[in-house]
Each structure stands twice: as structure tokens, then as C-alpha cells.
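What follows is a short report on a single structure.
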Amino acid sequence: MPKPIVSVVGRPNVGKSTLVNRLAERRAAIVDAERGVTRDRSYHEADWNGREFILVDTGGIEPANADDRFSAAIREQALQALAESDAVLFVVDATSGVTAEDEEVARRLKRASIPVLLVANKVDGEAQEAGLWDLWSLGAGEPHPVSSVHGRGTGDLLDALVEALPEEPAAADDPYPEGTVNVAFVGRPNVGKSSLVNRISGTERSIVSDVAGTTRDAVDIVVERAGVPYRLVDTAGLRKRANVTEGVEYYSTLRGLQALDEADLAFLVIDGSTGVTEQDQKIAGFALERGCALVVALNKWDLLGDDEAREDLRVSIARRLEFCRWAPQVAVSALSGRGIEKLWDAAELALSNYRRRIPTPVVNDVLASIRESGHTVGEGRRHLRVFYGAQSASCPPALMLFCNHPDLVTDNYRRYMERRFREAVDLTGTPLRLGFKRR
């Protein structure tokens, strides 16, 4: 059964993201004192007394003539959230009273045909509750006093929210169906991750601009292909650690790494017009450490002038990403849509291998051929001998190899073993983990 969707809306800096974190009982949304931190809408699961629902954190709704260059796009994201919602939490700052921006939001909500609960945030004590009479002028019903920071009043708010939710949600589908494949789009800032997600999903799900760092939180959307639901997560650009100084950037980086933790597959998006950088190498390393299947998307391919420039890029990738040369590389253009179908084909192949089970006889045939070759490592009179092995896990595939002296295994020998297994079994797009254990 699909879960009802609850949008959290209001003007900027009234504590919407803090409220989402409080109701979801985890730090699901980025919170900072800076105005306008939230830009795209993000979805977070929550429940109260056994009733499950989806909270949608939105950016602040501001008048059309606002100076912020992102305000129109942020407002559009919030309005899209309203269009798919079953209920709304309208958040205002009780300490500042009713503002013109609050009245603008209230006018928009009066057109909605769904329940609206007025939330008076930043009410830390009973003395402040007496001053909420002016909020009635918004025409959104009785204000519910809460303190998102301290949790005061949130239980009563959730009781009222659950009572207002319809028995049958308006949404036709569960936002996160069972069997959903998690896909993270990662890369440096301004390489076109958001444009690529929008192109693949066929929606304007993420705000796109030429300003590096436009995306701040991890933004997701579920699309279906061949009957399989894919959750596409657009992450903020991962900068060098030395350049991450601001609080918002720090939490954006954490959200990007968290998306990799949860991902089955990572698309490493590289700006084809500038080539592979040291930071691209590090991001690929992050994906491997977390055991994700990996596909390299060479975006902005259409900006490369000739075949010579394209060949130079291929050579650069082969050299700089040699440690994950098994990851397929697909030339794409988020602007024109070129290569999107090939990107899907590469993703499906990588995911198939990510789930692969390697038969035990095949594993031991490879080990036998390695022993026959005589290639091994040693120290003094001790020499490594691998007797047998079997697959111990999948997603990604992991092999446990039983030997006489596990401490003799070097990084070079581990890479040699991995290469021999990849020659015997198609493991395109997935990491392979090797464990060595004394027999």
C-alpha cells in the first residue's frame, strides 16, 4: 500500500528542515543558520503510532521578485511537492509573527484541496503560546506550537497529522517500492550530475545552473525500467577536503558519502571537456571502498572538438582510473540525450555482475591454474600456497581463499589474483573482494 506524502512548506529559514529531522527521528535534512540552505525537495520516511508516511522537505517559498537567482526554481520545486501531497505542514516562525512572505504562502495553500496544518515553530515555552493569536489571520486554522530543536509539542502535532491523513493516499504508487535499486550520481561540482538525472528521469527533479555547488542535499527520484524500480540519487559535488570549509558544504559532502553507502550502483560523472582529475580518482576510490558497482559517465562529450581530443581523454582515463579499469565507460551528453540508452545498458550489466554467484568449481579451477603457473610470493623459507576457495558473499562478489600463510599476501599479489579471476569470469562493472584465511 502506498504511503501518504506530507509536504513541509513555508518561507525560508523558519526551521522546516529541523522539523523534518525531528519528525523523521534522524538527521535526514541539512540544517544551517544560512538562509535558503534547502533548494531541491527531498523525501524522508517517517511513522507515528504505526502509521507510516513520507515527509517532503522543500525550500522556502518566496515572492517572484526575490533577489536570489534560485528563488524561482526553489519555489517551483515546492509547488511540485504540494501537487503530489496528501497533507501539508505549513511552518511559520512564531518569534517573528506573521510576515508578508507567510501571507503569500498561505494564499497559495488556500487553493489546495488537502488538509493543511499550521505549525508555529520556535515556541520554547508556555509564555510564547499566548502570543500566537495573530497567526489565525493566515486562515490556515489553529496553530500547533512546537519547538523543532527541543521536540516540544511534536507529539501533539503528529497526532493531529495522522488524524488528518486520508485512509487511501492520493499517490498511485509507493515512492520506494520493494526491490528498488539504489543508484548514486557522484562527481565533482558542476560536471552535470543534476542535468543527467533530469535527462534520465524525464523531469526537472533537480535544480540546474552553471553555478558550482547548486545541489546541496542528496535529491532522489524513482524511475522504472523494464519493470525494475531505480532510485536515482543526485548528490552534491564532492570537493577536496581542504576546500570544504563551510557548514553547508561539510554536510553536503556527508550526504554524498551516505548516498554511496546506500547505493548498489554509482555513476561516476566526469566532465569530458576537462578530463579526469585527482578528485575524480578519489571519488572512484570512495565508491570502491563502499563496494558499489561502478559505471563511468563521460558527460559533455559533445564539447570535445575532434577524434584526437576524444582519444586523449580515453588514454587519460585508462591511466588515471587504472585501478578500476573494469568499470565500463560511456560517452553521454545530458544536454542532447546522447548515450543515455548505452548508459542504462552498462548499468544493467554492472548490476548483473554485482549480484553474480561464481560456482565453486570455477573458483578452484582458477586457483589450480595459478598454482600450475608457479606464480606466488614468499618470505625466507615460507611461500604462499592457496589450496581452495569459494564465494562467501555477493553484492559485490567476495571470495574466501584458504591458504597456508595469509600474512604473506601483498597488494600486488592480491591485484594479480583479482586479474586472473576477472579473466575467467565476466565481472565488468563490479568490484571483487578477496579474503585470505589460514586453512
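So you can find residues: chains in the C-alpha cells are A, B, ... in the order shown, residues in each start at 1, and ligands are numbered from 1 in order.
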
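Neighbouring residues of Arg314 of chain A at 12 Å or closer, counting only C-alpha atoms and skipping chain neighbours under 2 positions away, are Ile270, Gly272, Ser273, Gly275, Val276, Val296, Leu298, Trp301, Leu304, Asp307, Glu308, Ala309, Arg310, Glu311, Asp312, Ser316, Ile317, Ala318, Arg319, Arg320, Leu321, Glu322, Arg325, Pro328, Gln329, Val330 and Ala331 of chain A.
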
Per residue of segment 315-387 of chain A within 8 Å of segment 408-417 of chain A, what are the shortest atom pair and its distance in Å to one decimal, counting only C-alpha atoms, with rows by chain and residue number, as a Markdown table?
```
| residue | atom | partner | partner_atom | distance |
| --- | --- | --- | --- | --- |
| A:Thr376 | CA | A:Tyr413 | CA | 7.6 |
| A:Val377 | CA | A:Leu408 | CA | 6.8 |
| A:Gly378 | CA | A:Leu408 | CA | 6.4 |
| A:Glu379 | CA | A:Leu408 | CA | 7.3 |
| A:His383 | CA | A:Leu408 | CA | 7.7 |
| A:Leu384 | CA | A:Leu408 | CA | 6.4 |
```

message = Given only C-alpha atoms as the basis, pick out the residue of A:Val88, A:Val269, A:Leu23, A:Leu161 nearest to Val186 of chain A.
response =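 Using only C-alpha atoms, the shortest distance to Val186 of chain A belongs to A:Val269.
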
Contacts of Ala164 of chain A within 10 Å, only C-alpha atoms, excl. fewer than 5 positions in-chain, as a ChimeraX atom specification = /A:86-88,114-117,158-159

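Taking atom CA of Leu89 of chain A and atom CA of Val222 of chain A as the two end points, the separation is 23.5 Å.
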
DSSP-assigned strand (DSSP E) members of segment 241-411 of chain A, reported as JSON, numbers by chain = {"A": [265, 266, 267, 268, 269, 270, 271, 293, 294, 295, 296, 297, 298, 299, 329, 330, 331, 378, 379, 382, 383, 386, 387, 388, 389, 390, 391, 392, 393, 398, 399, 400, 401, 402, 403]}

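If only C-alpha atoms are the atoms counted, then among A:Gly339, A:Asp345, A:Pro189, A:Phe436 the closest residue to Phe387 of chain A is A:Phe436.
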
request  = Extract, using only C-alpha atoms, all DNA, RNA and protein residues at most 7 Å from Arg439 of chain A, discarding same-chain residues fewer than 2 positions from it, and format them as a list of chain:residue names.
outcome  = A:Phe402, A:Cys403, A:Asn404, A:Lys437

What's the 10 Å shell around Ala293 of chain A, counting only C-alpha atoms, without same-chain residues fewer than 2 positions away, as a tab-separated table (two decimals) with C-alpha atoms, in the first residue's frame?
```tsv
chain	number	residue	atom	x	y	z
A	183	VAL	CA	21.79	4.44	-7.85
A	263	ALA	CA	23.98	2.62	-3.27
A	264	ASP	CA	24.01	-0.61	-5.27
A	265	LEU	CA	25.44	1.25	-8.27
A	266	ALA	CA	27.39	4.50	-8.59
A	267	PHE	CA	27.60	6.60	-11.74
A	287	ALA	CA	32.76	4.10	-4.39
A	288	LEU	CA	35.11	1.10	-4.33
A	290	ARG	CA	31.85	1.10	-0.16
A	291	GLY	CA	31.52	-1.85	-2.54
A	295	VAL	CA	29.92	2.98	-14.30
A	327	ALA	CA	34.25	-0.11	-14.84
A	347	ALA	CA	24.28	-0.13	-15.59
A	349	LEU	CA	25.40	-5.29	-16.95
A	350	ALA	CA	27.23	-3.92	-13.89
A	351	LEU	CA	24.31	-4.74	-11.59
A	352	SER	CA	24.01	-8.26	-13.02
A	353	ASN	CA	27.68	-8.90	-12.25
A	354	TYR	CA	27.33	-7.18	-8.88
A	355	ARG	CA	24.85	-9.91	-7.89
A	395	CYS	CA	26.71	-7.56	-3.88
A	396	PRO	CA	29.59	-7.23	-4.54
A	427	LEU	CA	32.89	-9.14	-13.65
A	428	THR	CA	32.51	-5.96	-15.68
A	429	GLY	CA	31.26	-3.09	-13.57
A	430	THR	CA	31.62	-4.66	-10.12
A	431	PRO	CA	34.41	-4.74	-7.54
A	432	LEU	CA	35.71	-8.14	-6.45
```
